[in-house]
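File shown: start.txt (compact mmCIF, C-alpha atoms and all ligand atoms).
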# COMPACT_ATOMS: atom_id res chain seq x y z
CA MET A 1 -96.02 -29.82 1.27
CA LYS A 2 -98.07 -31.97 3.65
CA LYS A 3 -101.24 -30.65 2.08
CA PHE A 4 -99.96 -31.57 -1.36
CA PHE A 5 -99.27 -35.14 -0.27
CA PHE A 6 -102.68 -35.39 1.30
CA VAL A 7 -104.42 -34.23 -1.88
CA PHE A 8 -102.22 -36.61 -3.88
CA ALA A 9 -103.07 -39.44 -1.50
CA CYS A 10 -106.79 -38.79 -1.79
CA ILE A 11 -106.65 -38.73 -5.62
CA ALA A 12 -104.49 -41.87 -5.65
CA ALA A 13 -106.83 -43.64 -3.23
CA LEU A 14 -109.85 -42.79 -5.37
CA PHE A 15 -108.02 -43.96 -8.50
CA VAL A 16 -107.06 -47.27 -6.90
CA ALA A 17 -110.59 -47.73 -5.57
CA ALA A 18 -112.06 -47.03 -9.02
CA CYS A 19 -109.67 -49.55 -10.65
CA ASN A 20 -110.66 -52.20 -8.14
CA ASN A 21 -114.32 -51.30 -8.61
CA ALA A 22 -114.69 -51.09 -4.83
CA PRO A 23 -115.77 -48.27 -2.54
CA ALA A 24 -112.99 -46.01 -1.23
CA PRO A 25 -111.78 -47.29 2.13
CA ILE A 26 -112.73 -45.13 5.08
CA ARG A 27 -110.00 -46.32 7.40
CA LEU A 28 -106.32 -46.17 6.58
CA SER A 29 -105.41 -49.82 6.65
CA PRO A 30 -102.99 -51.89 4.59
CA ALA A 31 -104.17 -52.63 1.06
CA PRO A 32 -105.91 -56.02 0.96
CA ALA A 33 -104.18 -58.88 -0.78
CA GLY A 34 -105.39 -59.50 -4.30
CA LYS A 35 -104.95 -57.32 -7.35
CA PRO A 36 -101.50 -55.79 -7.26
CA VAL A 37 -101.37 -52.05 -6.78
CA ALA A 38 -98.80 -50.36 -9.01
CA LYS A 39 -97.35 -48.27 -6.20
CA PRO A 40 -98.10 -48.01 -2.52
CA VAL A 41 -100.53 -45.18 -1.95
CA ALA A 42 -98.77 -42.24 -0.34
CA LYS A 43 -100.47 -41.42 2.93
CA PRO A 44 -100.31 -38.13 4.77
CA HIS A 45 -98.95 -39.77 7.88
CA ASP A 46 -97.29 -43.16 7.61
CA THR A 47 -95.47 -43.09 10.91
CA ILE A 48 -97.24 -42.73 14.23
CA SER A 49 -95.35 -40.72 16.83
CA ILE A 50 -96.04 -41.07 20.54
CA ALA A 51 -94.46 -39.08 23.36
CA ALA A 52 -94.67 -40.91 26.69
CA VAL A 53 -93.74 -39.90 30.21
CA GLY A 54 -94.04 -41.37 33.70
CA ASP A 55 -95.50 -39.87 36.85
CA ILE A 56 -97.00 -36.38 36.76
CA MET A 57 -97.88 -34.56 39.98
CA LEU A 58 -97.84 -30.80 39.64
CA GLY A 59 -98.20 -29.92 43.33
CA THR A 60 -100.77 -30.66 46.02
CA ALA A 61 -103.04 -28.39 48.02
CA TYR A 62 -103.24 -30.99 50.81
CA PRO A 63 -102.75 -30.50 53.70
CA ASN A 64 -102.08 -26.86 52.81
CA LYS A 65 -100.96 -24.68 49.93
CA ASN A 66 -97.23 -24.81 50.84
CA THR A 67 -96.80 -27.69 48.46
CA LEU A 68 -98.24 -25.84 45.47
CA PRO A 69 -95.77 -24.24 43.04
CA PRO A 70 -95.62 -20.42 43.11
CA ASP A 71 -96.28 -20.18 39.35
CA SER A 72 -99.48 -22.28 39.54
CA ALA A 73 -97.55 -25.00 37.68
CA LYS A 74 -97.48 -22.95 34.47
CA ASN A 75 -93.78 -23.58 33.82
CA SER A 76 -93.75 -27.24 34.89
CA PHE A 77 -92.99 -28.64 31.44
CA LYS A 78 -91.03 -25.79 29.88
CA ALA A 79 -87.91 -27.97 29.40
CA VAL A 80 -89.74 -30.34 27.03
CA LEU A 81 -92.75 -28.47 25.67
CA ASN A 82 -91.72 -28.98 22.05
CA GLU A 83 -91.37 -32.73 22.44
CA LEU A 84 -94.66 -33.00 24.33
CA ARG A 85 -96.55 -30.94 21.78
CA ASN A 86 -95.07 -32.42 18.62
CA ALA A 87 -96.32 -35.98 18.74
CA ASP A 88 -99.47 -37.57 17.37
CA VAL A 89 -100.27 -38.82 20.85
CA THR A 90 -98.82 -37.59 24.15
CA PHE A 91 -99.27 -39.84 27.18
CA GLY A 92 -98.49 -39.61 30.91
CA ASN A 93 -99.48 -41.10 34.27
CA LEU A 94 -101.46 -38.58 36.31
CA GLU A 95 -100.33 -39.44 39.83
CA GLY A 96 -103.06 -37.71 41.83
CA THR A 97 -106.43 -36.03 41.60
CA LEU A 98 -107.69 -32.81 40.06
CA LEU A 99 -109.84 -31.52 42.89
CA ASP A 100 -110.51 -28.19 44.59
CA LYS A 101 -112.35 -29.33 47.73
CA GLY A 102 -112.63 -32.64 49.51
CA SER A 103 -111.19 -34.80 52.27
CA PRO A 104 -108.70 -37.65 52.05
CA ALA A 105 -110.03 -41.16 51.59
CA ARG A 106 -110.49 -42.69 55.03
CA TYR A 107 -108.88 -46.06 54.28
CA LYS A 108 -105.68 -44.28 53.38
CA LYS A 109 -105.73 -41.90 56.33
CA ASN A 110 -105.15 -44.90 58.58
CA LEU A 111 -101.85 -45.77 56.91
CA ALA A 112 -98.68 -44.85 58.80
CA ILE A 113 -97.16 -42.92 55.90
CA ALA A 114 -99.49 -41.51 53.33
CA TYR A 115 -99.36 -38.73 50.81
CA PHE A 116 -102.49 -37.19 49.37
CA PHE A 117 -102.22 -35.51 46.02
CA LYS A 118 -104.81 -32.88 45.19
CA MET A 119 -103.99 -30.61 42.24
CA PRO A 120 -106.21 -27.58 41.69
CA THR A 121 -108.58 -28.29 38.80
CA ALA A 122 -107.22 -25.20 36.98
CA TYR A 123 -103.95 -27.13 36.53
CA VAL A 124 -105.66 -29.16 33.82
CA ASN A 125 -104.89 -26.23 31.52
CA VAL A 126 -101.17 -26.84 32.04
CA LEU A 127 -101.63 -30.45 30.89
CA LYS A 128 -103.78 -29.38 27.96
CA ASP A 129 -101.37 -26.64 26.91
CA ALA A 130 -98.49 -29.13 26.95
CA GLY A 131 -100.37 -31.34 24.52
CA PHE A 132 -101.34 -34.30 26.68
CA ASP A 133 -103.91 -36.38 24.80
CA VAL A 134 -104.35 -39.31 27.14
CA LEU A 135 -103.57 -39.96 30.81
CA SER A 136 -103.57 -43.00 33.05
CA LEU A 137 -105.56 -42.82 36.28
CA ALA A 138 -104.64 -46.39 37.24
CA ASN A 139 -102.29 -45.67 40.12
CA ASN A 140 -102.10 -45.42 43.92
CA HIS A 141 -103.01 -41.72 44.04
CA SER A 142 -106.11 -41.33 41.84
CA GLY A 143 -108.08 -42.58 44.86
CA ASP A 144 -106.48 -40.24 47.42
CA PHE A 145 -109.73 -38.34 47.90
CA GLY A 146 -112.10 -41.23 47.34
CA GLU A 147 -114.95 -41.20 44.87
CA GLU A 148 -115.23 -37.42 45.08
CA GLY A 149 -111.66 -37.10 43.82
CA ARG A 150 -112.15 -39.60 41.03
CA ILE A 151 -115.34 -37.89 39.85
CA SER A 152 -113.75 -34.44 39.94
CA THR A 153 -110.66 -35.66 38.07
CA ALA A 154 -112.77 -37.31 35.39
CA LYS A 155 -115.04 -34.27 35.00
CA THR A 156 -112.08 -31.93 34.80
CA LEU A 157 -110.33 -34.01 32.14
CA ASP A 158 -113.61 -34.35 30.22
CA SER A 159 -114.06 -30.60 30.18
CA ALA A 160 -110.52 -30.12 28.88
CA GLY A 161 -110.95 -32.79 26.22
CA ILE A 162 -108.16 -35.01 27.59
CA ASN A 163 -108.72 -38.76 27.30
CA TYR A 164 -108.07 -41.07 30.24
CA GLY A 165 -108.50 -44.63 31.40
CA GLY A 166 -107.62 -47.10 34.12
CA LEU A 167 -110.51 -46.56 36.55
CA LEU A 168 -113.09 -49.32 36.95
CA SER A 169 -115.67 -46.59 36.33
CA HIS A 170 -113.81 -45.49 33.17
CA PRO A 171 -111.46 -48.30 32.11
CA THR A 172 -110.71 -47.42 28.50
CA ALA A 173 -110.60 -44.53 26.06
CA ILE A 174 -110.99 -44.52 22.30
CA PHE A 175 -109.98 -41.44 20.36
CA LYS A 176 -109.00 -40.39 16.87
CA GLN A 177 -105.94 -38.40 15.97
CA ASN A 178 -104.68 -37.53 12.46
CA GLY A 179 -106.81 -40.23 10.87
CA VAL A 180 -105.77 -43.03 13.24
CA THR A 181 -108.05 -44.52 15.90
CA TYR A 182 -106.37 -45.25 19.23
CA GLY A 183 -107.49 -47.36 22.14
CA PHE A 184 -106.08 -46.86 25.62
CA CYS A 185 -106.34 -48.75 28.89
CA ALA A 186 -104.31 -48.82 32.12
CA PHE A 187 -103.88 -51.23 35.03
CA ALA A 188 -102.68 -51.02 38.65
CA PRO A 189 -102.79 -52.99 41.92
CA ASN A 190 -104.97 -50.36 43.60
CA ALA A 191 -108.65 -50.19 44.57
CA SER A 192 -111.04 -48.90 41.89
CA THR A 193 -108.48 -49.37 39.10
CA LEU A 194 -108.26 -52.06 36.39
CA PRO A 195 -106.46 -54.90 38.21
CA ILE A 196 -102.87 -55.59 37.16
CA LEU A 197 -103.04 -59.04 38.78
CA ASP A 198 -105.90 -60.41 36.64
CA LEU A 199 -104.22 -61.33 33.36
CA LYS A 200 -107.33 -62.98 31.96
CA ASN A 201 -109.35 -59.81 32.38
CA GLU A 202 -106.43 -57.81 31.03
CA ALA A 203 -106.39 -59.85 27.81
CA GLN A 204 -110.15 -59.41 27.43
CA VAL A 205 -110.02 -55.64 27.88
CA ILE A 206 -107.13 -55.23 25.44
CA GLY A 207 -108.58 -57.69 22.93
CA GLY A 208 -111.87 -55.81 23.06
CA LEU A 209 -110.11 -52.55 22.27
CA LYS A 210 -108.07 -54.10 19.48
CA ARG A 211 -111.23 -55.09 17.64
CA GLN A 212 -112.36 -51.45 17.58
CA VAL A 213 -109.21 -49.44 16.90
CA ASP A 214 -106.01 -49.27 14.84
CA ILE A 215 -103.45 -48.81 17.65
CA VAL A 216 -103.71 -49.94 21.27
CA ILE A 217 -101.68 -48.14 23.96
CA VAL A 218 -101.45 -49.86 27.36
CA SER A 219 -100.13 -48.42 30.61
CA PHE A 220 -99.46 -50.15 33.91
CA HIS A 221 -98.52 -48.87 37.36
CA GLY A 222 -96.66 -51.86 38.70
CA GLY A 223 -93.56 -53.22 40.38
CA ALA A 224 -91.85 -52.27 43.63
CA GLU A 225 -90.80 -48.67 44.30
CA GLY A 226 -87.55 -46.84 44.84
CA VAL A 227 -83.80 -46.91 44.21
CA ALA A 228 -83.48 -50.57 45.20
CA TYR A 229 -85.97 -51.64 42.53
CA GLU A 230 -84.56 -50.51 39.22
CA HIS A 231 -84.36 -54.05 37.86
CA VAL A 232 -87.26 -55.94 36.32
CA PRO A 233 -87.19 -59.21 38.28
CA PRO A 234 -88.57 -62.49 37.00
CA GLY A 235 -91.97 -63.28 38.51
CA GLY A 236 -94.24 -61.28 40.75
CA GLU A 237 -93.22 -58.27 42.84
CA SER A 238 -94.47 -57.22 46.26
CA TYR A 239 -93.95 -53.95 48.07
CA LEU A 240 -95.11 -52.96 51.56
CA GLY A 241 -97.13 -56.16 51.70
CA GLN A 242 -98.98 -55.43 48.46
CA LYS A 243 -98.73 -57.57 45.33
CA ARG A 244 -97.55 -55.20 42.61
CA GLY A 245 -97.83 -57.53 39.63
CA ASP A 246 -95.62 -59.76 37.52
CA VAL A 247 -94.77 -56.99 35.08
CA ARG A 248 -93.09 -59.23 32.49
CA ALA A 249 -96.11 -61.51 32.35
CA PHE A 250 -98.43 -58.51 32.35
CA ALA A 251 -96.63 -56.77 29.46
CA HIS A 252 -96.34 -59.93 27.36
CA THR A 253 -100.01 -60.71 27.93
CA ALA A 254 -100.80 -57.17 26.79
CA VAL A 255 -98.91 -57.59 23.51
CA ASP A 256 -100.28 -61.10 22.97
CA ALA A 257 -103.79 -59.66 23.35
CA GLY A 258 -103.19 -56.82 20.88
CA ALA A 259 -101.29 -54.00 22.61
CA ASP A 260 -99.02 -52.10 20.23
CA VAL A 261 -96.99 -50.31 22.87
CA VAL A 262 -96.78 -50.75 26.66
CA PHE A 263 -95.70 -47.96 29.01
CA GLY A 264 -94.93 -48.87 32.63
CA ASN A 265 -94.76 -46.52 35.58
CA GLY A 266 -94.97 -46.79 39.35
CA PRO A 267 -91.44 -47.68 40.58
CA HIS A 268 -90.39 -43.96 40.61
CA VAL A 269 -87.22 -45.02 38.80
CA ASN A 270 -86.62 -45.81 35.14
CA ARG A 271 -86.43 -49.46 34.16
CA ALA A 272 -85.38 -51.53 31.13
CA MET A 273 -87.02 -51.67 27.72
CA GLU A 274 -87.77 -54.64 25.53
CA ARG A 275 -89.11 -55.29 22.05
CA TYR A 276 -91.48 -58.24 22.20
CA LYS A 277 -93.21 -59.54 19.04
CA GLY A 278 -92.22 -56.29 17.32
CA ARG A 279 -93.85 -54.12 20.03
CA LEU A 280 -92.07 -51.84 22.47
CA ILE A 281 -92.39 -52.33 26.21
CA ALA A 282 -90.91 -49.65 28.50
CA TYR A 283 -91.04 -51.22 31.97
CA SER A 284 -90.93 -47.93 33.87
CA LEU A 285 -90.65 -44.33 32.77
CA GLY A 286 -89.98 -43.20 36.35
CA ASN A 287 -90.85 -39.83 37.80
CA PHE A 288 -91.49 -37.32 35.05
CA CYS A 289 -92.59 -34.14 36.75
CA THR A 290 -93.39 -34.42 40.44
CA TYR A 291 -93.45 -31.22 42.45
CA LYS A 292 -91.85 -31.48 45.91
CA CYS A 293 -93.77 -34.34 47.59
CA VAL A 294 -92.09 -37.15 45.68
CA SER A 295 -88.44 -38.03 46.44
CA VAL A 296 -86.00 -37.02 43.72
CA ASP A 297 -82.95 -38.38 45.52
CA GLY A 298 -80.42 -40.37 43.50
CA VAL A 299 -81.86 -42.19 40.49
CA CYS A 300 -85.37 -41.05 41.52
CA GLY A 301 -84.27 -37.61 40.28
CA LEU A 302 -83.62 -38.93 36.76
CA SER A 303 -86.49 -38.14 34.44
CA SER A 304 -87.13 -38.96 30.82
CA LEU A 305 -89.39 -38.44 27.88
CA LEU A 306 -89.69 -41.38 25.51
CA LYS A 307 -90.42 -40.66 21.85
CA VAL A 308 -91.63 -43.68 19.93
CA ASN A 309 -92.31 -44.12 16.22
CA LEU A 310 -94.60 -46.95 15.15
CA ASN A 311 -95.74 -48.05 11.73
CA LYS A 312 -99.42 -48.23 10.90
CA ASN A 313 -99.51 -51.83 12.16
CA GLY A 314 -98.25 -50.69 15.54
CA GLU A 315 -94.79 -52.19 15.11
CA PHE A 316 -91.88 -50.35 16.67
CA ILE A 317 -89.72 -48.50 14.13
CA ASN A 318 -87.43 -46.44 16.36
CA GLY A 319 -87.41 -44.15 19.35
CA GLN A 320 -85.53 -41.62 21.39
CA ILE A 321 -84.99 -41.14 25.10
CA ILE A 322 -84.77 -37.46 26.01
CA ALA A 323 -82.65 -37.18 29.16
CA LEU A 324 -84.11 -35.03 31.92
CA LYS A 325 -83.63 -34.59 35.64
CA GLN A 326 -85.54 -33.12 38.54
CA THR A 327 -84.50 -31.27 41.66
CA HIS A 328 -86.93 -29.83 44.19
CA ALA A 329 -85.36 -26.40 43.73
CA GLY A 330 -85.07 -26.37 39.95
CA GLY A 331 -87.97 -28.56 38.83
CA LEU A 332 -87.80 -30.44 35.53
CA GLN A 333 -84.67 -29.74 33.45
CA ARG A 334 -82.74 -31.16 30.50
CA ASP A 335 -79.79 -33.31 31.55
CA SER A 336 -76.86 -32.80 29.18
CA SER A 337 -74.96 -35.62 30.92
CA ASN A 338 -77.61 -38.09 29.65
CA LYS A 339 -77.53 -40.07 32.91
CA VAL A 340 -80.95 -41.63 32.44
CA ILE A 341 -79.96 -42.95 29.01
CA THR A 342 -76.84 -44.64 30.41
CA ARG A 343 -78.97 -46.11 33.20
CA VAL A 344 -81.79 -47.46 31.01
CA ARG A 345 -79.24 -48.94 28.64
CA ALA A 346 -77.39 -50.73 31.47
CA LEU A 347 -80.66 -51.99 32.98
CA THR A 348 -81.86 -53.23 29.59
CA LYS A 349 -78.60 -55.11 29.08
CA ALA A 350 -78.74 -56.63 32.57
CA ASP A 351 -82.41 -57.63 32.60
CA PHE A 352 -83.00 -58.68 28.98
CA PRO A 353 -80.21 -60.65 27.30
CA ASN A 354 -82.09 -60.35 24.00
CA PRO A 355 -84.04 -57.09 24.24
CA GLY A 356 -84.56 -56.84 20.47
CA LEU A 357 -83.48 -53.20 20.51
CA THR A 358 -80.35 -51.10 20.86
CA ILE A 359 -80.01 -47.89 22.85
CA ALA A 360 -77.24 -45.52 21.66
CA ASP A 361 -75.28 -43.01 23.78
CA ASP A 362 -77.53 -40.20 22.58
CA GLY A 363 -80.69 -42.09 23.50
CA LYS A 364 -81.65 -43.24 20.01
CA ILE A 365 -83.44 -46.58 20.13
CA THR A 366 -83.29 -48.82 17.11
CA VAL A 367 -84.33 -52.36 16.26
CA GLN A 368 -81.49 -54.74 17.10
CA GLY A 369 -79.59 -55.71 13.99
CA ASN A 370 -80.76 -52.71 11.97
ZN ZN B 401 -97.54 -44.39 42.27
Mind turning the file's structure into structure tokens?
Amino acid sequence: MKKFFFVFACIAALFVAACNNAPAPIRLSPAPAGKPVAKPVAKPHDTISIAAVGDIMLGTAYPNKNTLPPDSAKNSFKAVLNELRNADVTFGNLEGTLLDKGSPARYKKNLAIAYFFKMPTAYVNVLKDAGFDVLSLANNHSGDFGEEGRISTAKTLDSAGINYGGLLSHPTAIFKQNGVTYGFCAFAPNASTLPILDLKNEAQVIGGLKRQVDIVIVSFHGGAEGVAYEHVPPGGESYLGQKRGDVRAFAHTAVDAGADVVFGNGPHVNRAMERYKGRLIAYSLGNFCTYKCVSVDGVCGLSSLLKVNLNKNGEFINGQIIALKQTHAGGLQRDSSNKVITRVRALTKADFPNPGLTIADDGKITVQGN
């Protein structure tokens, strides 16, 4: 059936082009104003689907192998494989390095409490198999093993054909999927990542991408961390003496500069959502799949997968929160009690009087008023 529509679309496109005496368009963009077209040209893929998740850390070999999963992480995503695989673009925040050898970054070794996340490079196959297309490396763990870790992570993702961005050495990614060109960039308050605090630079990076692609996806690792920080406060946030960004200003700047969807992560808890200028902002997707070394106590154990549908202009059509949970013993599981949905809905109501969207009991997200 899909094939039929595609063939039909191609014939229709050629017909329209011939009537207008203009070359057939290469990119799928809205028909230009001018001569009326009898009927909108049917396209093979009018809606763009994105699956987005928060922090991913599949186990760490540092300081020893006790914190690696016994199945080599192969079953990490089994609760949501279908949803991860069946989207045009699947995104997550890779909270750590892909590295087989190497020592922790010295600056971090001096901190009182520090975790160092080193996933075996072979784990990239688990990410690939689950359908991840693009990952953020703008976070506080991509530098755990210094430059060696960053280089190994980048090389490993390159060899698997997974796109990534957020490092100063590799800030953005541009990739094509099902006829649509995507741009991606990610920001954080951490060394060697695109700075979340520099809104002027942010707007330049995003604007630069927008000029080259159809859809811009932006991620940020920002805001304070933990159960006390579920709300999106007005103004800037600090945590452990570090400025973690003014996430409202950051996200609005992103959309103003051309972002079509903004996915936050970093607080380890889910936060509110907002539709701003027709674009969806999810302020934090929380922990997604974090083996052992990340706390899953209380609301930190609530996990989610966010499905988003956009039109070809990048405007939000609708979405779905898939409710998940994590325990250290059981890993990532579906949550039939839908706790994370109830939470995100309450937070959205509390933090954004006019969020521009509605979240139903079953996690369906629709445009407010529709
Ligand atoms: Zn983090």
Compile the contact shell of range 219-225 of chain A as a PDB file with C-alpha atoms, in the coordinates of the input: residues with an atom at most 8 Å away, counting all atoms listed in the file, same-chain residues fewer than 4 positions apart removed.
ATOM      1  CA  SER A 136    -103.570 -43.000  33.050  1.00  0.00           C
ATOM      2  CA  ALA A 138    -104.640 -46.390  37.240  1.00  0.00           C
ATOM      3  CA  ASN A 139    -102.290 -45.670  40.120  1.00  0.00           C
ATOM      4  CA  PHE A 184    -106.080 -46.860  25.620  1.00  0.00           C
ATOM      5  CA  CYS A 185    -106.340 -48.750  28.890  1.00  0.00           C
ATOM      6  CA  ALA A 186    -104.310 -48.820  32.120  1.00  0.00           C
ATOM      7  CA  PHE A 187    -103.880 -51.230  35.030  1.00  0.00           C
ATOM      8  CA  ALA A 188    -102.680 -51.020  38.650  1.00  0.00           C
ATOM      9  CA  PRO A 189    -102.790 -52.990  41.920  1.00  0.00           C
ATOM     10  CA  ILE A 196    -102.870 -55.590  37.160  1.00  0.00           C
ATOM     11  CA  TYR A 229     -85.970 -51.640  42.530  1.00  0.00           C
ATOM     12  CA  VAL A 232     -87.260 -55.940  36.320  1.00  0.00           C
ATOM     13  CA  GLU A 237     -93.220 -58.270  42.840  1.00  0.00           C
ATOM     14  CA  SER A 238     -94.470 -57.220  46.260  1.00  0.00           C
ATOM     15  CA  TYR A 239     -93.950 -53.950  48.070  1.00  0.00           C
ATOM     16  CA  ARG A 244     -97.550 -55.200  42.610  1.00  0.00           C
ATOM     17  CA  GLY A 245     -97.830 -57.530  39.630  1.00  0.00           C
ATOM     18  CA  ASP A 246     -95.620 -59.760  37.520  1.00  0.00           C
ATOM     19  CA  VAL A 247     -94.770 -56.990  35.080  1.00  0.00           C
ATOM     20  CA  VAL A 262     -96.780 -50.750  26.660  1.00  0.00           C
ATOM     21  CA  PHE A 263     -95.700 -47.960  29.010  1.00  0.00           C
ATOM     22  CA  GLY A 264     -94.930 -48.870  32.630  1.00  0.00           C
ATOM     23  CA  ASN A 265     -94.760 -46.520  35.580  1.00  0.00           C
ATOM     24  CA  GLY A 266     -94.970 -46.790  39.350  1.00  0.00           C
ATOM     25  CA  PRO A 267     -91.440 -47.680  40.580  1.00  0.00           C
ATOM     26  CA  HIS A 268     -90.390 -43.960  40.610  1.00  0.00           C
ATOM     27  CA  VAL A 269     -87.220 -45.020  38.800  1.00  0.00           C
TER      28      VAL A 269
END
Nearest to ligand ZN 401 (chain B), chosen from A:Asn313, A:Ser295, A:Ser49, A:Asn64, with only C-alpha atoms and all ligand atoms counted in the distances | A:Ser295
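For the pair CA of Glu202 in chain A and CA of Ala282 in chain A, the interatomic distance is 17.7 Å.
Distances here use all atoms listed in the file; by that measure, the residue among A:Ala191, A:Ala249, A:Leu99, A:Ala130 closest to Pro234 in chain A is A:Ala249.
Considering all atoms listed in the file, the residue among A:Ala259, A:Leu199, A:Ala51, A:Leu240 positioned nearest to Leu81 in chain A is A:Ala51.
Reported to one decimal place, the separation of CA of Glu95 in chain A from CA of Ser336 in chain A is 26.6 Å.
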From the set A:His170, A:Gly226, A:Phe77, A:Gly183, which residue has the shortest atom-to-atom contact distance to ligand ZN 401 (chain B), counting all atoms listed in the file?
-> A:Gly226
Would you mind listing what lies within 10 Å of Lys349 in chain A as a PyMOL selection string, with all atoms listed in the file counted and same-chain residues fewer than 6 positions away left out?
-> chain A and resi 272-274+343+355+358-359
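Considering all atoms listed in the file, the residue among A:Val205, A:Val218, A:Cys293, A:Ile174 positioned nearest to Thr60 in chain A is A:Cys293.
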Within 12 Å of Gly161 in chain A, counting only C-alpha atoms, which residues qualify if same-chain residues fewer than 6 places away don't, as a ChimeraX atom specification?
-> /A:124-125,127-129,131-135,154-155,173,175
Name all residues at most 9 Å from Val80 in chain A (count all atoms listed in the file; drop same-chain ones fewer than 4 positions away) and give them as a list in words.
-> Leu84, Arg85, Ala130, Leu305, Ile322, Leu324, Leu332, Gln333 and Arg334 of chain A
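Atom to atom, CA of Gly166 in chain A and CA of Gly92 in chain A stand 12.2 Å apart.
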List every protein, DNA or RNA residue that has at least one atom no more than 10 Å from (-112.4, -38.7, 52.7) in the file's coordinates, counting all atoms listed in the file, and write the result as an MDAnalysis selection string.
-> chainID A and resid 102:109 143:149
Could those residues be written to a file, using C-alpha atoms, as a PDB file, in the coordinates of the input?
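part.pdb written:
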ATOM      1  CA  GLY A 102    -112.630 -32.640  49.510  1.00  0.00           C
ATOM      2  CA  SER A 103    -111.190 -34.800  52.270  1.00  0.00           C
ATOM      3  CA  PRO A 104    -108.700 -37.650  52.050  1.00  0.00           C
ATOM      4  CA  ALA A 105    -110.030 -41.160  51.590  1.00  0.00           C
ATOM      5  CA  ARG A 106    -110.490 -42.690  55.030  1.00  0.00           C
ATOM      6  CA  TYR A 107    -108.880 -46.060  54.280  1.00  0.00           C
ATOM      7  CA  LYS A 108    -105.680 -44.280  53.380  1.00  0.00           C
ATOM      8  CA  LYS A 109    -105.730 -41.900  56.330  1.00  0.00           C
ATOM      9  CA  GLY A 143    -108.080 -42.580  44.860  1.00  0.00           C
ATOM     10  CA  ASP A 144    -106.480 -40.240  47.420  1.00  0.00           C
ATOM     11  CA  PHE A 145    -109.730 -38.340  47.900  1.00  0.00           C
ATOM     12  CA  GLY A 146    -112.100 -41.230  47.340  1.00  0.00           C
ATOM     13  CA  GLU A 147    -114.950 -41.200  44.870  1.00  0.00           C
ATOM     14  CA  GLU A 148    -115.230 -37.420  45.080  1.00  0.00           C
ATOM     15  CA  GLY A 149    -111.660 -37.100  43.820  1.00  0.00           C
TER      16      GLY A 149
END
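If you measure from each of A:Ala254, A:Leu98, A:Ala160, A:Leu285 to Leu209 in chain A using all atoms listed in the file, the closest one turns out to be A:Ala254.
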If you count only C-alpha atoms, which residues fall within 9 Å of Gly278 in chain A, apart from same-chain ones fewer than 4 positions away, as a CSV table (one decimal) with C-alpha atoms, in the coordinates of the input?
chain,number,residue,atom,x,y,z
A,260,ASP,CA,-99.0,-52.1,20.2
A,314,GLY,CA,-98.2,-50.7,15.5
A,315,GLU,CA,-94.8,-52.2,15.1
A,316,PHE,CA,-91.9,-50.4,16.7
A,317,ILE,CA,-89.7,-48.5,14.1
A,356,GLY,CA,-84.6,-56.8,20.5
A,367,VAL,CA,-84.3,-52.4,16.3
For range 84-95 of chain A, supply N, CA and C atoms and format the output as a PDB file, in the coordinates of the input.
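Output (part_0.pdb):
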ATOM      1  N   LEU A  84     -93.322 -32.596  23.894  1.00  0.00           N
ATOM      2  CA  LEU A  84     -94.660 -33.000  24.330  1.00  0.00           C
ATOM      3  C   LEU A  84     -95.717 -32.619  23.297  1.00  0.00           C
ATOM      4  N   ARG A  85     -95.521 -31.436  22.714  1.00  0.00           N
ATOM      5  CA  ARG A  85     -96.550 -30.940  21.780  1.00  0.00           C
ATOM      6  C   ARG A  85     -96.463 -31.566  20.401  1.00  0.00           C
ATOM      7  N   ASN A  86     -95.251 -31.973  19.996  1.00  0.00           N
ATOM      8  CA  ASN A  86     -95.070 -32.420  18.620  1.00  0.00           C
ATOM      9  C   ASN A  86     -95.093 -33.931  18.464  1.00  0.00           C
ATOM     10  N   ALA A  87     -96.138 -34.543  18.958  1.00  0.00           N
ATOM     11  CA  ALA A  87     -96.320 -35.980  18.740  1.00  0.00           C
ATOM     12  C   ALA A  87     -97.785 -36.192  18.377  1.00  0.00           C
ATOM     13  N   ASP A  88     -98.064 -37.285  17.682  1.00  0.00           N
ATOM     14  CA  ASP A  88     -99.470 -37.570  17.370  1.00  0.00           C
ATOM     15  C   ASP A  88    -100.252 -37.810  18.648  1.00  0.00           C
ATOM     16  N   VAL A  89     -99.626 -38.538  19.568  1.00  0.00           N
ATOM     17  CA  VAL A  89    -100.270 -38.820  20.850  1.00  0.00           C
ATOM     18  C   VAL A  89     -99.258 -38.569  21.967  1.00  0.00           C
ATOM     19  N   THR A  90     -99.680 -37.837  22.988  1.00  0.00           N
ATOM     20  CA  THR A  90     -98.820 -37.590  24.150  1.00  0.00           C
ATOM     21  C   THR A  90     -99.489 -38.201  25.377  1.00  0.00           C
ATOM     22  N   PHE A  91     -98.725 -39.059  26.059  1.00  0.00           N
ATOM     23  CA  PHE A  91     -99.270 -39.840  27.180  1.00  0.00           C
ATOM     24  C   PHE A  91     -98.470 -39.599  28.471  1.00  0.00           C
ATOM     25  N   GLY A  92     -99.160 -39.640  29.613  1.00  0.00           N
ATOM     26  CA  GLY A  92     -98.490 -39.610  30.910  1.00  0.00           C
ATOM     27  C   GLY A  92     -99.357 -40.248  31.979  1.00  0.00           C
ATOM     28  N   ASN A  93     -98.741 -40.539  33.128  1.00  0.00           N
ATOM     29  CA  ASN A  93     -99.480 -41.100  34.270  1.00  0.00           C
ATOM     30  C   ASN A  93     -99.799 -39.973  35.246  1.00  0.00           C
ATOM     31  N   LEU A  94    -101.068 -39.665  35.403  1.00  0.00           N
ATOM     32  CA  LEU A  94    -101.460 -38.580  36.310  1.00  0.00           C
ATOM     33  C   LEU A  94    -101.531 -39.133  37.737  1.00  0.00           C
ATOM     34  N   GLU A  95    -100.489 -38.852  38.497  1.00  0.00           N
ATOM     35  CA  GLU A  95    -100.330 -39.440  39.830  1.00  0.00           C
ATOM     36  C   GLU A  95    -101.007 -38.530  40.870  1.00  0.00           C
TER      37      GLU A  95
END
